[in-house]
Amino acid sequence: EFTVVRNGVDVDRFRTGSRASARSLLGIAPETRLAVCVGRLARQKGQDRLLTAWPRIRAACPDALLVLVGAGDAP
């Protein structure tokens, strides 16, 4: 027997404002494209692949910003 937990985090608990207000607070223009990776920074998670690919992504979308959120030993 098993139980499926669709989302173990109550995301509404963390929604305290709008995307527009968050962007304004961080100084990010509304039209700026964001790539956000949230998770433990560890080799198993593959953030190194994202960092390797990022120059190609920026070449295609020069105004894009990458945000890595998490703690760990190394990306």
# chains A, B, ... in the order shown; residues from 1 in each chain; ligands from 1
call {"tool": "residues_around", "arguments": {"residues": "Ile28 of chain A", "least_positions_apart": "2", "cutoff": "12 Å", "atoms": "only C-alpha atoms", "output": "list in words"}}
result
Arg19, Ala20, Ser21, Ala22, Arg23, Ser24, Leu25, Leu26, Pro30, Glu31, Thr32, Arg33, Leu34, Asp63, Ala64, Leu65, Leu66 and Val67 of chain A
call {"tool": "write_last_selection", "arguments": {"atoms": "N, CA and C atoms", "output": "JSON list (two decimals), in the first residue's frame"}}
result
[["chain", "number", "residue", "atom", "x", "y", "z"],
["A", 19, "ARG", "N", 3.57, 38.74, -8.30],
["A", 19, "ARG", "CA", 4.82, 38.64, -9.05],
["A", 19, "ARG", "C", 5.37, 40.03, -9.34],
["A", 20, "ALA", "N", 4.45, 40.94, -9.69],
["A", 20, "ALA", "CA", 4.87, 42.30, -10.02],
["A", 20, "ALA", "C", 5.55, 42.97, -8.83],
["A", 21, "SER", "N", 5.01, 42.78, -7.63],
["A", 21, "SER", "CA", 5.63, 43.41, -6.46],
["A", 21, "SER", "C", 6.97, 42.76, -6.13],
["A", 22, "ALA", "N", 7.09, 41.46, -6.34],
["A", 22, "ALA", "CA", 8.36, 40.77, -6.10],
["A", 22, "ALA", "C", 9.41, 41.27, -7.08],
["A", 23, "ARG", "N", 9.04, 41.40, -8.35],
["A", 23, "ARG", "CA", 9.98, 41.89, -9.36],
["A", 23, "ARG", "C", 10.41, 43.32, -9.02],
["A", 24, "SER", "N", 9.45, 44.13, -8.62],
["A", 24, "SER", "CA", 9.76, 45.51, -8.26],
["A", 24, "SER", "C", 10.73, 45.56, -7.08],
["A", 25, "LEU", "N", 10.47, 44.76, -6.07],
["A", 25, "LEU", "CA", 11.32, 44.71, -4.89],
["A", 25, "LEU", "C", 12.75, 44.30, -5.24],
["A", 26, "LEU", "N", 12.89, 43.39, -6.20],
["A", 26, "LEU", "CA", 14.20, 42.88, -6.60],
["A", 26, "LEU", "C", 14.84, 43.68, -7.73],
["A", 30, "PRO", "N", 9.44, 44.02, -15.56],
["A", 30, "PRO", "CA", 8.36, 43.07, -15.87],
["A", 30, "PRO", "C", 8.60, 42.24, -17.12],
["A", 31, "GLU", "N", 9.30, 42.80, -18.10],
["A", 31, "GLU", "CA", 9.51, 42.09, -19.36],
["A", 31, "GLU", "C", 10.73, 41.16, -19.33],
["A", 32, "THR", "N", 11.52, 41.22, -18.28],
["A", 32, "THR", "CA", 12.71, 40.37, -18.18],
["A", 32, "THR", "C", 12.30, 38.92, -17.98],
["A", 33, "ARG", "N", 12.88, 38.04, -18.78],
["A", 33, "ARG", "CA", 12.61, 36.61, -18.64],
["A", 33, "ARG", "C", 13.48, 36.04, -17.53],
["A", 34, "LEU", "N", 12.86, 35.22, -16.69],
["A", 34, "LEU", "CA", 13.57, 34.61, -15.57],
["A", 34, "LEU", "C", 13.60, 33.10, -15.72],
["A", 63, "ASP", "N", 18.39, 39.21, -22.44],
["A", 63, "ASP", "CA", 17.91, 39.87, -21.22],
["A", 63, "ASP", "C", 17.52, 38.88, -20.12],
["A", 64, "ALA", "N", 17.68, 37.59, -20.36],
["A", 64, "ALA", "CA", 17.27, 36.58, -19.38],
["A", 64, "ALA", "C", 18.17, 36.62, -18.14],
["A", 65, "LEU", "N", 17.55, 36.34, -17.01],
["A", 65, "LEU", "CA", 18.28, 36.24, -15.75],
["A", 65, "LEU", "C", 18.11, 34.84, -15.18],
["A", 66, "LEU", "N", 19.15, 34.34, -14.55],
["A", 66, "LEU", "CA", 19.11, 33.04, -13.90],
["A", 66, "LEU", "C", 19.16, 33.24, -12.40],
["A", 67, "VAL", "N", 18.23, 32.60, -11.69],
["A", 67, "VAL", "CA", 18.18, 32.68, -10.24],
["A", 67, "VAL", "C", 18.26, 31.26, -9.70]]
call {"tool": "select_by_dssp", "arguments": {"residues": "chain A", "states": "alpha helix (DSSP H)", "output": "list in words"}}
result
Arg19, Ala20, Ser21, Ala22, Arg23, Ser24, Leu25, Leu26, Gln47, Asp48, Arg49, Leu50, Leu51, Thr52, Ala53, Trp54, Pro55, Arg56, Ile57, Arg58, Ala59 and Ala60 of chain A
call {"tool": "select_by_dssp", "arguments": {"residues": "chain A", "states": "strand (DSSP E)", "output": "NGL selection string"}}
result
:A and (34-38 or 65-69)
call {"tool": "write_last_selection", "arguments": {"atoms": "C-alpha atoms", "output": "short mmCIF file (atom, residue, chain, number, x, y, z; two decimals), in the first residue's frame"}}
result
data_model
loop_
_atom_site.label_atom_id
_atom_site.label_comp_id
_atom_site.auth_asym_id
_atom_site.auth_seq_id
_atom_site.Cartn_x
_atom_site.Cartn_y
_atom_site.Cartn_z
CA LEU A 34 13.57 34.61 -15.57
CA ALA A 35 14.84 31.07 -15.23
CA VAL A 36 14.47 30.01 -11.61
CA CYS A 37 15.84 26.80 -10.12
CA VAL A 38 14.81 26.06 -6.53
CA LEU A 65 18.28 36.24 -15.75
CA LEU A 66 19.11 33.04 -13.90
CA VAL A 67 18.18 32.68 -10.24
CA LEU A 68 19.44 29.69 -8.24
CA VAL A 69 17.81 29.27 -4.84
#
call {"tool": "closest_residue", "arguments": {"among": "A:Val11, A:Gly70, A:Thr16, A:Leu51", "to": "Gly39 of chain A", "atoms": "only C-alpha atoms"}}
result
A:Gly70
call {"tool": "atom_distance", "arguments": {"atom1": "atom CA of Phe14 of chain A", "atom2": "atom CA of Gln44 of chain A"}}
result
26.5 Å
call {"tool": "atom_distance", "arguments": {"atom1": "atom CA of Leu50 of chain A", "atom2": "atom CA of Gly27 of chain A"}}
result
23.4 Å
call {"tool": "closest_residue", "arguments": {"among": "A:Arg56, A:Phe2, A:Leu41, A:Asn7", "to": "Gly72 of chain A", "atoms": "only C-alpha atoms"}}
result
A:Leu41
